[in-house]
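The structure file structure_33.cif is reproduced below (mmCIF, C-alpha atoms).
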data_input
loop_
_atom_site.group_PDB
_atom_site.id
_atom_site.type_symbol
_atom_site.label_atom_id
_atom_site.label_comp_id
_atom_site.auth_asym_id
_atom_site.auth_seq_id
_atom_site.Cartn_x
_atom_site.Cartn_y
_atom_site.Cartn_z
ATOM 1 C CA THR R 24 174.055 85.821 104.730
ATOM 2 C CA GLN R 25 172.271 85.809 101.400
ATOM 3 C CA LEU R 26 169.533 83.212 101.000
ATOM 4 C CA LEU R 27 168.961 81.454 97.758
ATOM 5 C CA GLU R 28 166.034 79.053 97.345
ATOM 6 C CA GLN R 29 165.595 76.372 94.732
ATOM 7 C CA SER R 30 162.398 74.564 93.825
ATOM 8 C CA PRO R 31 161.339 71.888 93.570
ATOM 9 C CA GLN R 32 163.713 69.976 95.796
ATOM 10 C CA PHE R 33 163.064 66.732 93.948
ATOM 11 C CA LEU R 34 161.619 65.924 90.546
ATOM 12 C CA SER R 35 160.981 62.492 89.072
ATOM 13 C CA ILE R 36 159.793 62.381 85.464
ATOM 14 C CA GLN R 37 159.634 60.117 82.431
ATOM 15 C CA GLU R 38 161.916 60.423 79.455
ATOM 16 C CA GLY R 39 160.573 62.932 76.933
ATOM 17 C CA GLU R 40 158.826 65.191 79.437
ATOM 18 C CA ASN R 41 159.635 68.866 79.893
ATOM 19 C CA LEU R 42 160.495 70.441 83.220
ATOM 20 C CA THR R 43 161.449 73.728 84.826
ATOM 21 C CA VAL R 44 163.414 74.347 88.012
ATOM 22 C CA TYR R 45 163.617 77.672 89.778
ATOM 23 C CA CYS R 46 166.123 79.670 91.759
ATOM 24 C CA ASN R 47 164.980 82.676 93.775
ATOM 25 C CA SER R 48 166.405 85.255 96.128
ATOM 26 C CA SER R 49 165.198 88.391 97.850
ATOM 27 C CA SER R 50 168.443 90.094 96.843
ATOM 28 C CA VAL R 51 169.809 91.101 93.479
ATOM 29 C CA PHE R 52 172.402 88.859 91.893
ATOM 30 C CA SER R 53 175.460 90.318 90.195
ATOM 31 C CA SER R 54 175.472 87.099 88.244
ATOM 32 C CA LEU R 55 174.131 83.600 88.617
ATOM 33 C CA GLN R 56 175.549 80.243 87.705
ATOM 34 C CA TRP R 57 173.924 76.870 87.120
ATOM 35 C CA TYR R 58 175.755 73.637 87.812
ATOM 36 C CA ARG R 59 174.894 69.980 87.371
ATOM 37 C CA GLN R 60 176.285 67.353 89.703
ATOM 38 C CA GLU R 61 176.151 63.660 88.925
ATOM 39 C CA PRO R 62 176.388 61.044 91.680
ATOM 40 C CA GLY R 63 179.913 60.636 92.985
ATOM 41 C CA GLU R 64 181.243 63.658 91.117
ATOM 42 C CA GLY R 65 181.719 67.369 91.669
ATOM 43 C CA PRO R 66 179.398 70.005 90.198
ATOM 44 C CA VAL R 67 180.029 70.998 86.584
ATOM 45 C CA LEU R 68 179.381 74.564 85.472
ATOM 46 C CA LEU R 69 176.633 74.738 82.828
ATOM 47 C CA VAL R 70 176.137 78.463 82.325
ATOM 48 C CA THR R 71 176.609 81.920 83.796
ATOM 49 C CA VAL R 72 173.941 84.604 83.348
ATOM 50 C CA VAL R 73 174.725 88.227 84.016
ATOM 51 C CA THR R 74 172.207 90.537 82.353
ATOM 52 C CA GLY R 75 168.598 90.902 83.525
ATOM 53 C CA GLY R 76 166.260 89.215 81.052
ATOM 54 C CA GLU R 77 169.073 87.202 79.528
ATOM 55 C CA VAL R 78 168.248 83.852 77.958
ATOM 56 C CA LYS R 79 170.914 81.272 77.185
ATOM 57 C CA LYS R 80 170.466 77.926 75.494
ATOM 58 C CA LEU R 81 172.609 74.833 75.828
ATOM 59 C CA LYS R 82 171.138 72.152 73.547
ATOM 60 C CA ARG R 83 167.876 71.159 75.251
ATOM 61 C CA LEU R 84 168.517 73.367 78.295
ATOM 62 C CA THR R 85 167.247 76.949 78.409
ATOM 63 C CA PHE R 86 168.387 79.288 81.161
ATOM 64 C CA GLN R 87 166.596 82.520 81.915
ATOM 65 C CA PHE R 88 167.628 85.346 84.211
ATOM 66 C CA GLY R 89 164.835 87.464 85.648
ATOM 67 C CA ASP R 90 164.540 91.090 84.599
ATOM 68 C CA ALA R 91 165.181 92.215 88.177
ATOM 69 C CA ARG R 92 168.072 89.747 88.544
ATOM 70 C CA LYS R 93 166.498 88.148 91.617
ATOM 71 C CA ASP R 94 165.452 84.881 90.030
ATOM 72 C CA SER R 95 166.419 82.408 87.382
ATOM 73 C CA SER R 96 164.952 79.327 85.787
ATOM 74 C CA LEU R 97 166.270 76.285 83.989
ATOM 75 C CA HIS R 98 163.985 74.595 81.486
ATOM 76 C CA ILE R 99 164.778 71.193 80.020
ATOM 77 C CA THR R 100 162.966 70.077 76.900
ATOM 78 C CA ALA R 101 162.413 66.370 76.203
ATOM 79 C CA ALA R 102 164.378 65.189 79.224
ATOM 80 C CA GLN R 103 166.628 62.176 78.849
ATOM 81 C CA PRO R 104 168.019 59.754 81.458
ATOM 82 C CA GLY R 105 171.404 61.401 80.972
ATOM 83 C CA ASP R 106 169.936 64.607 82.426
ATOM 84 C CA THR R 107 169.612 62.900 85.806
ATOM 85 C CA GLY R 108 171.523 64.719 88.492
ATOM 86 C CA LEU R 109 171.505 67.476 91.073
ATOM 87 C CA TYR R 110 171.006 70.930 89.580
ATOM 88 C CA LEU R 111 172.502 73.723 91.641
ATOM 89 C CA CYS R 112 172.220 77.431 91.227
ATOM 90 C CA ALA R 113 174.859 79.692 92.725
ATOM 91 C CA GLY R 114 174.424 83.398 93.230
ATOM 92 C CA ASP R 115 177.079 86.023 93.070
ATOM 93 C CA PHE R 116 175.834 88.901 95.186
ATOM 94 C CA ALA R 117 177.247 92.412 95.062
ATOM 95 C CA GLY R 118 179.475 93.053 98.044
ATOM 96 C CA TYR R 119 180.067 89.379 98.668
ATOM 97 C CA SER R 120 183.203 87.818 97.298
ATOM 98 C CA THR R 121 182.036 84.208 97.557
ATOM 99 C CA LEU R 122 179.257 82.307 95.843
ATOM 100 C CA THR R 123 176.079 81.315 97.637
ATOM 101 C CA PHE R 124 174.726 77.945 96.575
ATOM 102 C CA GLY R 125 171.155 76.764 96.690
ATOM 103 C CA LYS R 126 170.431 73.307 98.080
ATOM 104 C CA GLY R 127 169.676 72.027 94.615
ATOM 105 C CA THR R 128 166.982 70.223 92.671
ATOM 106 C CA MET R 129 167.479 66.478 92.367
ATOM 107 C CA LEU R 130 166.203 65.381 88.945
ATOM 108 C CA LEU R 131 165.527 61.751 88.109
ATOM 109 C CA VAL R 132 164.601 60.933 84.526
ATOM 110 C CA SER R 133 163.366 57.393 84.002
ATOM 111 C CA PRO R 134 163.475 55.597 80.632
ATOM 112 C CA LYS Q 20 193.962 70.909 80.177
ATOM 113 C CA ALA Q 21 193.696 68.688 83.234
ATOM 114 C CA GLY Q 22 190.839 69.373 85.604
ATOM 115 C CA VAL Q 23 190.855 69.805 89.346
ATOM 116 C CA THR Q 24 192.160 66.741 91.127
ATOM 117 C CA GLN Q 25 191.486 65.742 94.704
ATOM 118 C CA THR Q 26 193.071 63.050 96.786
ATOM 119 C CA PRO Q 27 192.112 60.769 98.291
ATOM 120 C CA ARG Q 28 188.698 60.081 96.761
ATOM 121 C CA TYR Q 29 187.454 58.112 99.739
ATOM 122 C CA LEU Q 30 188.481 58.140 103.357
ATOM 123 C CA ILE Q 31 187.240 56.387 106.485
ATOM 124 C CA LYS Q 32 188.292 57.704 109.879
ATOM 125 C CA THR Q 33 187.168 57.337 113.456
ATOM 126 C CA ARG Q 34 186.081 60.025 115.863
ATOM 127 C CA GLY Q 35 188.925 62.030 117.327
ATOM 128 C CA GLN Q 36 191.303 61.428 114.450
ATOM 129 C CA GLN Q 37 192.469 64.098 112.077
ATOM 130 C CA VAL Q 38 192.504 64.122 108.296
ATOM 131 C CA THR Q 39 194.248 66.037 105.518
ATOM 132 C CA LEU Q 40 192.721 66.395 102.070
ATOM 133 C CA SER Q 41 194.578 67.595 99.016
ATOM 134 C CA CYS Q 42 193.537 69.583 95.964
ATOM 135 C CA SER Q 43 195.415 70.461 92.782
ATOM 136 C CA PRO Q 44 193.723 73.249 90.797
ATOM 137 C CA ILE Q 45 193.531 73.657 87.060
ATOM 138 C CA SER Q 46 196.825 74.902 85.667
ATOM 139 C CA GLY Q 47 196.868 78.693 85.758
ATOM 140 C CA HIS Q 48 194.134 78.954 88.365
ATOM 141 C CA ARG Q 49 195.305 80.698 91.482
ATOM 142 C CA SER Q 50 192.191 80.625 93.643
ATOM 143 C CA VAL Q 51 191.070 77.517 95.502
ATOM 144 C CA SER Q 52 187.859 77.212 97.486
ATOM 145 C CA TRP Q 53 186.715 74.372 99.705
ATOM 146 C CA TYR Q 54 183.124 73.300 100.313
ATOM 147 C CA GLN Q 55 181.420 70.734 102.485
ATOM 148 C CA GLN Q 56 178.412 69.010 100.947
ATOM 149 C CA THR Q 57 175.867 67.048 102.972
ATOM 150 C CA PRO Q 58 172.339 65.947 102.042
ATOM 151 C CA GLY Q 59 170.765 68.146 104.680
ATOM 152 C CA GLN Q 60 172.787 71.333 104.337
ATOM 153 C CA GLY Q 61 173.804 71.282 100.696
ATOM 154 C CA LEU Q 62 177.027 72.974 99.648
ATOM 155 C CA GLN Q 63 178.528 75.047 102.410
ATOM 156 C CA PHE Q 64 181.546 77.270 101.922
ATOM 157 C CA LEU Q 65 184.567 76.483 104.077
ATOM 158 C CA PHE Q 66 187.311 78.834 102.897
ATOM 159 C CA GLU Q 67 189.012 80.374 99.905
ATOM 160 C CA TYR Q 68 192.710 80.781 99.250
ATOM 161 C CA PHE Q 69 194.457 83.026 96.762
ATOM 162 C CA SER Q 70 198.202 83.542 96.486
ATOM 163 C CA GLU Q 71 198.777 81.439 99.603
ATOM 164 C CA THR Q 72 196.494 83.675 101.684
ATOM 165 C CA GLN Q 73 193.109 82.838 103.120
ATOM 166 C CA ARG Q 74 190.752 85.437 101.673
ATOM 167 C CA ASN Q 75 187.404 84.264 102.981
ATOM 168 C CA LYS Q 76 186.229 81.847 105.617
ATOM 169 C CA GLY Q 77 182.856 80.267 106.139
ATOM 170 C CA ASN Q 78 181.091 79.605 109.400
ATOM 171 C CA PHE Q 79 182.932 76.478 110.487
ATOM 172 C CA PRO Q 80 184.767 75.749 113.761
ATOM 173 C CA GLY Q 81 188.500 76.160 114.108
ATOM 174 C CA ARG Q 82 188.958 72.396 113.710
ATOM 175 C CA PHE Q 83 188.730 73.089 109.997
ATOM 176 C CA SER Q 84 191.818 74.697 108.551
ATOM 177 C CA GLY Q 85 193.582 74.954 105.263
ATOM 178 C CA ARG Q 86 196.549 76.282 103.429
ATOM 179 C CA GLN Q 87 197.736 76.979 99.922
ATOM 180 C CA PHE Q 88 201.202 76.432 98.519
ATOM 181 C CA SER Q 89 203.170 78.552 96.069
ATOM 182 C CA ASN Q 90 202.137 76.272 93.191
ATOM 183 C CA SER Q 91 198.458 76.959 94.099
ATOM 184 C CA ARG Q 92 197.898 73.439 95.386
ATOM 185 C CA SER Q 93 195.840 73.427 98.547
ATOM 186 C CA GLU Q 94 195.228 71.212 101.547
ATOM 187 C CA MET Q 95 192.533 71.255 104.152
ATOM 188 C CA ASN Q 96 192.792 69.675 107.556
ATOM 189 C CA VAL Q 97 190.107 68.622 109.976
ATOM 190 C CA SER Q 98 191.226 67.816 113.491
ATOM 191 C CA THR Q 99 189.366 65.926 116.208
ATOM 192 C CA LEU Q 100 186.880 64.462 113.791
ATOM 193 C CA GLU Q 101 183.226 64.229 114.753
ATOM 194 C CA LEU Q 102 180.506 62.033 113.292
ATOM 195 C CA GLY Q 103 178.898 65.126 111.779
ATOM 196 C CA ASP Q 104 181.999 65.789 109.691
ATOM 197 C CA SER Q 105 181.032 62.919 107.410
ATOM 198 C CA ALA Q 106 180.472 64.602 104.063
ATOM 199 C CA LEU Q 107 181.694 65.111 100.537
ATOM 200 C CA TYR Q 108 184.463 67.703 100.578
ATOM 201 C CA LEU Q 109 184.754 69.568 97.321
ATOM 202 C CA CYS Q 110 187.577 71.707 96.090
ATOM 203 C CA ALA Q 111 186.997 74.269 93.360
ATOM 204 C CA SER Q 112 189.461 76.398 91.466
ATOM 205 C CA SER Q 113 189.063 79.630 89.593
ATOM 206 C CA LEU Q 114 191.355 82.102 87.917
ATOM 207 C CA GLY Q 115 191.196 84.417 90.884
ATOM 208 C CA PRO Q 116 188.981 86.774 92.841
ATOM 209 C CA LYS Q 117 186.826 89.218 90.956
ATOM 210 C CA ARG Q 118 188.910 92.160 92.117
ATOM 211 C CA SER Q 119 191.994 90.510 90.654
ATOM 212 C CA GLY Q 120 190.414 90.115 87.248
ATOM 213 C CA GLY Q 121 188.910 86.710 87.845
ATOM 214 C CA SER Q 122 185.339 85.633 88.281
ATOM 215 C CA ASN Q 123 183.428 83.457 90.662
ATOM 216 C CA GLU Q 124 182.984 80.680 88.114
ATOM 217 C CA GLN Q 125 184.090 77.607 89.984
ATOM 218 C CA PHE Q 126 185.563 74.464 88.496
ATOM 219 C CA PHE Q 127 185.093 71.583 90.872
ATOM 220 C CA GLY Q 128 187.068 68.465 91.525
ATOM 221 C CA PRO Q 129 185.373 65.089 92.071
ATOM 222 C CA GLY Q 130 185.488 65.476 95.838
ATOM 223 C CA THR Q 131 186.710 63.426 98.766
ATOM 224 C CA ARG Q 132 184.069 61.329 100.469
ATOM 225 C CA LEU Q 133 184.909 61.341 104.181
ATOM 226 C CA THR Q 134 183.176 58.917 106.494
ATOM 227 C CA VAL Q 135 183.690 59.276 110.239
ATOM 228 C CA LEU Q 136 182.822 56.225 112.335
#
Let me see the structure of the file written as structure tokens.
Amino acid sequence: TQLLEQSPQFLSIQEGENLTVYCNSSSVFSSLQWYRQEPGEGPVLLVTVVTGGEVKKLKRLTFQFGDARKDSSLHITAAQPGDTGLYLCAGDFAGYSTLTFGKGTMLLVSP
Amino acid sequence: KAGVTQTPRYLIKTRGQQVTLSCSPISGHRSVSWYQQTPGQGLQFLFEYFSETQRNKGNFPGRFSGRQFSNSRSEMNVSTLELGDSALYLCASSLGPKRSGGSNEQFFGPGTRLTVL
């Protein structure tokens, strides 16, 4: 079983602050996905990163894939209350046909 | 295009009962995966179906079962419910397995919140 760790587990910040959450594994990802889950709903796919060193931007969200494809980060600039939710990373490992999900980072952005 | 739908959204059962949950994937998606989500364990993979066949199964007891119909709709069943089965059950659809030209990008439904008393 592939292990995928996310940090921090919980983050509580004020509106306007910046933050970064991390996703790490000891194994190489074929690709990695980030999802956001709001209370009472299912996770929504934000982005997929495939190439080592890749950086993708989605408005105020910046996703980076490590050069060795063993880690990824999500950076949010000027967080807003609407960013509140559980951020999940999911790794696609070579030789495994199913995704492995991290336990998530719960983000709370207060006005 | 309509998203993944799951029914029912909420369910309350008692120990020993059984339950059936339903999932309709996005039109054109042929792969359906089921996950159990709890605060302590996070998202745990239950099983995946493609073309009416179970392709992968997670580490859950045999009380958890599922099936997929020819229209790609899927059901999962939990028999002899236990208190620990209380969770959010999520269904996700995708075009298909990687080897069949799909990807592992999952599109989730809103989930069924199961409470076992």
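Taking atom CA of Leu65 of chain Q and atom CA of Pro31 of chain R as endpoints, the distance between them is 25.9 Å.
For the structure in this document, the set picked by the PyMOL selection byres ((chain Q and resi 86) around 10) is Q:Ser41, Q:Val51, Q:Phe66, Q:Glu67, Q:Tyr68, Q:Phe69, Q:Glu71, Q:Thr72, Q:Gln73, Q:Ser84, Q:Gly85, Q:Gln87, Q:Phe88, Q:Ser91, Q:Arg92, Q:Ser93, Q:Glu94, Q:Met95, Q:Asn96.
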What residues in chain Q have any atom no more than 9 Å from chain R when counting all atoms listed in the file, and can you write them as a list in words?
->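 Selected residues: Pro58, Gly59, Gln60, Gly61, Leu62, Gln63, Phe64, Glu67, Asn75, Leu107, Leu109, Cys110, Ala111, Pro116, Lys117, Arg118, Asn123, Glu124, Gln125, Phe126, Phe127, Gly128, Pro129, Gly130 and Arg132 of chain Q.
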Using C-alpha atoms, can you export the residues from the last selection as a PDB file, in the coordinates of the input?
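File out09.pdb, as written:
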ATOM      1  CA  PRO Q  58     172.339  65.947 102.042  1.00  0.00           C
ATOM      2  CA  GLY Q  59     170.765  68.146 104.680  1.00  0.00           C
ATOM      3  CA  GLN Q  60     172.787  71.333 104.337  1.00  0.00           C
ATOM      4  CA  GLY Q  61     173.804  71.282 100.696  1.00  0.00           C
ATOM      5  CA  LEU Q  62     177.027  72.974  99.648  1.00  0.00           C
ATOM      6  CA  GLN Q  63     178.528  75.047 102.410  1.00  0.00           C
ATOM      7  CA  PHE Q  64     181.546  77.270 101.922  1.00  0.00           C
ATOM      8  CA  GLU Q  67     189.012  80.374  99.905  1.00  0.00           C
ATOM      9  CA  ASN Q  75     187.404  84.264 102.981  1.00  0.00           C
ATOM     10  CA  LEU Q 107     181.694  65.111 100.537  1.00  0.00           C
ATOM     11  CA  LEU Q 109     184.754  69.568  97.321  1.00  0.00           C
ATOM     12  CA  CYS Q 110     187.577  71.707  96.090  1.00  0.00           C
ATOM     13  CA  ALA Q 111     186.997  74.269  93.360  1.00  0.00           C
ATOM     14  CA  PRO Q 116     188.981  86.774  92.841  1.00  0.00           C
ATOM     15  CA  LYS Q 117     186.826  89.218  90.956  1.00  0.00           C
ATOM     16  CA  ARG Q 118     188.910  92.160  92.117  1.00  0.00           C
ATOM     17  CA  ASN Q 123     183.428  83.457  90.662  1.00  0.00           C
ATOM     18  CA  GLU Q 124     182.984  80.680  88.114  1.00  0.00           C
ATOM     19  CA  GLN Q 125     184.090  77.607  89.984  1.00  0.00           C
ATOM     20  CA  PHE Q 126     185.563  74.464  88.496  1.00  0.00           C
ATOM     21  CA  PHE Q 127     185.093  71.583  90.872  1.00  0.00           C
ATOM     22  CA  GLY Q 128     187.068  68.465  91.525  1.00  0.00           C
ATOM     23  CA  PRO Q 129     185.373  65.089  92.071  1.00  0.00           C
ATOM     24  CA  GLY Q 130     185.488  65.476  95.838  1.00  0.00           C
ATOM     25  CA  ARG Q 132     184.069  61.329 100.469  1.00  0.00           C
TER      26      ARG Q 132
END
Name the residues captured by the PyMOL selection byres ((chain Q and resi 82) around 12) when it is applied to the shown file; answer as a VMD selection string.
-> chain Q and resid 35 to 39 65 78 to 81 83 to 85 95 to 101 104
Report as an NGL selection string the full result of the PyMOL selection byres ((chain R and resi 37-44) around 9) when it is applied to this structure.
-> :R and (29-32 or 34-36 or 45-46 or 95-104 or 110 or 128 or 131-134)
Pairwise distance for atom CA of Gly47 of chain Q and atom CA of Arg74 of chain Q, rounded to one decimal in Å =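 Rounded to one decimal, the two atoms are 18.3 Å apart.
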To one decimal in Å, tell me the separation between atom CA of Trp53 of chain Q and atom CA of Val23 of chain Q.
-> 12.1 Å
Counting all atoms listed in the file, closest pick from R:Val51, R:Leu81, R:Met129, R:Leu27 relative to Cys112 of chain R is R:Leu27
If you count all atoms listed in the file, which residues fall within 7 Å of segment 83-94 of chain R, apart from same-chain ones fewer than 5 positions away, as an NGL selection string?
-> :R and (46-52 or 72 or 75-78 or 99-100)
Please list as a PDB file with C-alpha atoms, in the coordinates of the input every residue within 10 Å of Ala106 of chain Q, counting all atoms listed in the file and excluding residues in the same chain fewer than 3 positions away.
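Result file follows (part.pdb):
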ATOM      1  CA  TYR Q  54     183.124  73.300 100.313  1.00  0.00           C
ATOM      2  CA  GLN Q  55     181.420  70.734 102.485  1.00  0.00           C
ATOM      3  CA  GLN Q  56     178.412  69.010 100.947  1.00  0.00           C
ATOM      4  CA  THR Q  57     175.867  67.048 102.972  1.00  0.00           C
ATOM      5  CA  PRO Q  58     172.339  65.947 102.042  1.00  0.00           C
ATOM      6  CA  LEU Q 102     180.506  62.033 113.292  1.00  0.00           C
ATOM      7  CA  GLY Q 103     178.898  65.126 111.779  1.00  0.00           C
ATOM      8  CA  LEU Q 109     184.754  69.568  97.321  1.00  0.00           C
ATOM      9  CA  GLY Q 130     185.488  65.476  95.838  1.00  0.00           C
ATOM     10  CA  THR Q 131     186.710  63.426  98.766  1.00  0.00           C
ATOM     11  CA  ARG Q 132     184.069  61.329 100.469  1.00  0.00           C
ATOM     12  CA  LEU Q 133     184.909  61.341 104.181  1.00  0.00           C
ATOM     13  CA  THR Q 134     183.176  58.917 106.494  1.00  0.00           C
ATOM     14  CA  VAL Q 135     183.690  59.276 110.239  1.00  0.00           C
TER      15      VAL Q 135
END
Report the centre and edge lengths, in Å to one decimal, of an axis-aligned box enclosing every atom of segment 100-106 of chain R listed in the file, padded by 5 Å on each side, as JSON.
{"center_x": 166.9, "center_y": 64.9, "center_z": 79.3, "size_x": 19.0, "size_y": 20.3, "size_z": 16.2}
Can you take the partial segment 42-54 of chain R, add N, CA, C and O atoms, and return it as an mmCIF file, in the frame of the given file?
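Below is the file selection_16.cif, written as the result:
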data_model
loop_
_atom_site.group_PDB
_atom_site.id
_atom_site.type_symbol
_atom_site.label_atom_id
_atom_site.label_comp_id
_atom_site.auth_asym_id
_atom_site.auth_seq_id
_atom_site.Cartn_x
_atom_site.Cartn_y
_atom_site.Cartn_z
ATOM 1 N N LEU R 42 160.500 70.050 81.822
ATOM 2 C CA LEU R 42 160.495 70.441 83.220
ATOM 3 C C LEU R 42 161.159 71.803 83.378
ATOM 4 O O LEU R 42 161.936 72.243 82.515
ATOM 5 N N THR R 43 160.819 72.451 84.492
ATOM 6 C CA THR R 43 161.449 73.728 84.826
ATOM 7 C C THR R 43 161.804 73.721 86.303
ATOM 8 O O THR R 43 160.996 73.292 87.135
ATOM 9 N N VAL R 44 163.004 74.174 86.621
ATOM 10 C CA VAL R 44 163.414 74.347 88.012
ATOM 11 C C VAL R 44 163.729 75.823 88.223
ATOM 12 O O VAL R 44 164.079 76.545 87.291
ATOM 13 N N TYR R 45 163.563 76.244 89.480
ATOM 14 C CA TYR R 45 163.617 77.672 89.778
ATOM 15 C C TYR R 45 164.643 77.974 90.861
ATOM 16 O O TYR R 45 164.906 77.147 91.735
ATOM 17 N N CYS R 46 165.152 79.189 90.783
ATOM 18 C CA CYS R 46 166.123 79.670 91.759
ATOM 19 C C CYS R 46 165.739 81.102 92.097
ATOM 20 O O CYS R 46 165.628 81.936 91.186
ATOM 21 N N ASN R 47 165.490 81.368 93.380
ATOM 22 C CA ASN R 47 164.980 82.676 93.775
ATOM 23 C C ASN R 47 165.729 83.250 94.969
ATOM 24 O O ASN R 47 166.188 82.513 95.844
ATOM 25 N N SER R 48 165.797 84.573 94.992
ATOM 26 C CA SER R 48 166.405 85.255 96.128
ATOM 27 C C SER R 48 165.678 86.576 96.356
ATOM 28 O O SER R 48 165.041 87.109 95.449
ATOM 29 N N SER R 49 165.767 87.080 97.562
ATOM 30 C CA SER R 49 165.198 88.391 97.850
ATOM 31 C C SER R 49 166.182 89.502 97.509
ATOM 32 O O SER R 49 165.837 90.677 97.546
ATOM 33 N N SER R 50 167.402 89.115 97.169
ATOM 34 C CA SER R 50 168.443 90.094 96.843
ATOM 35 C C SER R 50 168.801 90.006 95.367
ATOM 36 O O SER R 50 168.546 89.000 94.711
ATOM 37 N N VAL R 51 169.429 91.038 94.889
ATOM 38 C CA VAL R 51 169.809 91.101 93.479
ATOM 39 C C VAL R 51 171.132 90.374 93.271
ATOM 40 O O VAL R 51 172.090 90.582 94.012
ATOM 41 N N PHE R 52 171.164 89.555 92.247
ATOM 42 C CA PHE R 52 172.402 88.859 91.893
ATOM 43 C C PHE R 52 173.257 89.749 90.984
ATOM 44 O O PHE R 52 172.745 90.379 90.069
ATOM 45 N N SER R 53 174.556 89.745 91.195
ATOM 46 C CA SER R 53 175.460 90.318 90.195
ATOM 47 C C SER R 53 175.511 89.380 88.999
ATOM 48 O O SER R 53 175.560 89.829 87.847
ATOM 49 N N SER R 54 175.540 88.117 89.282
ATOM 50 C CA SER R 54 175.472 87.099 88.244
ATOM 51 C C SER R 54 174.982 85.821 88.899
ATOM 52 O O SER R 54 174.924 85.716 90.125
#
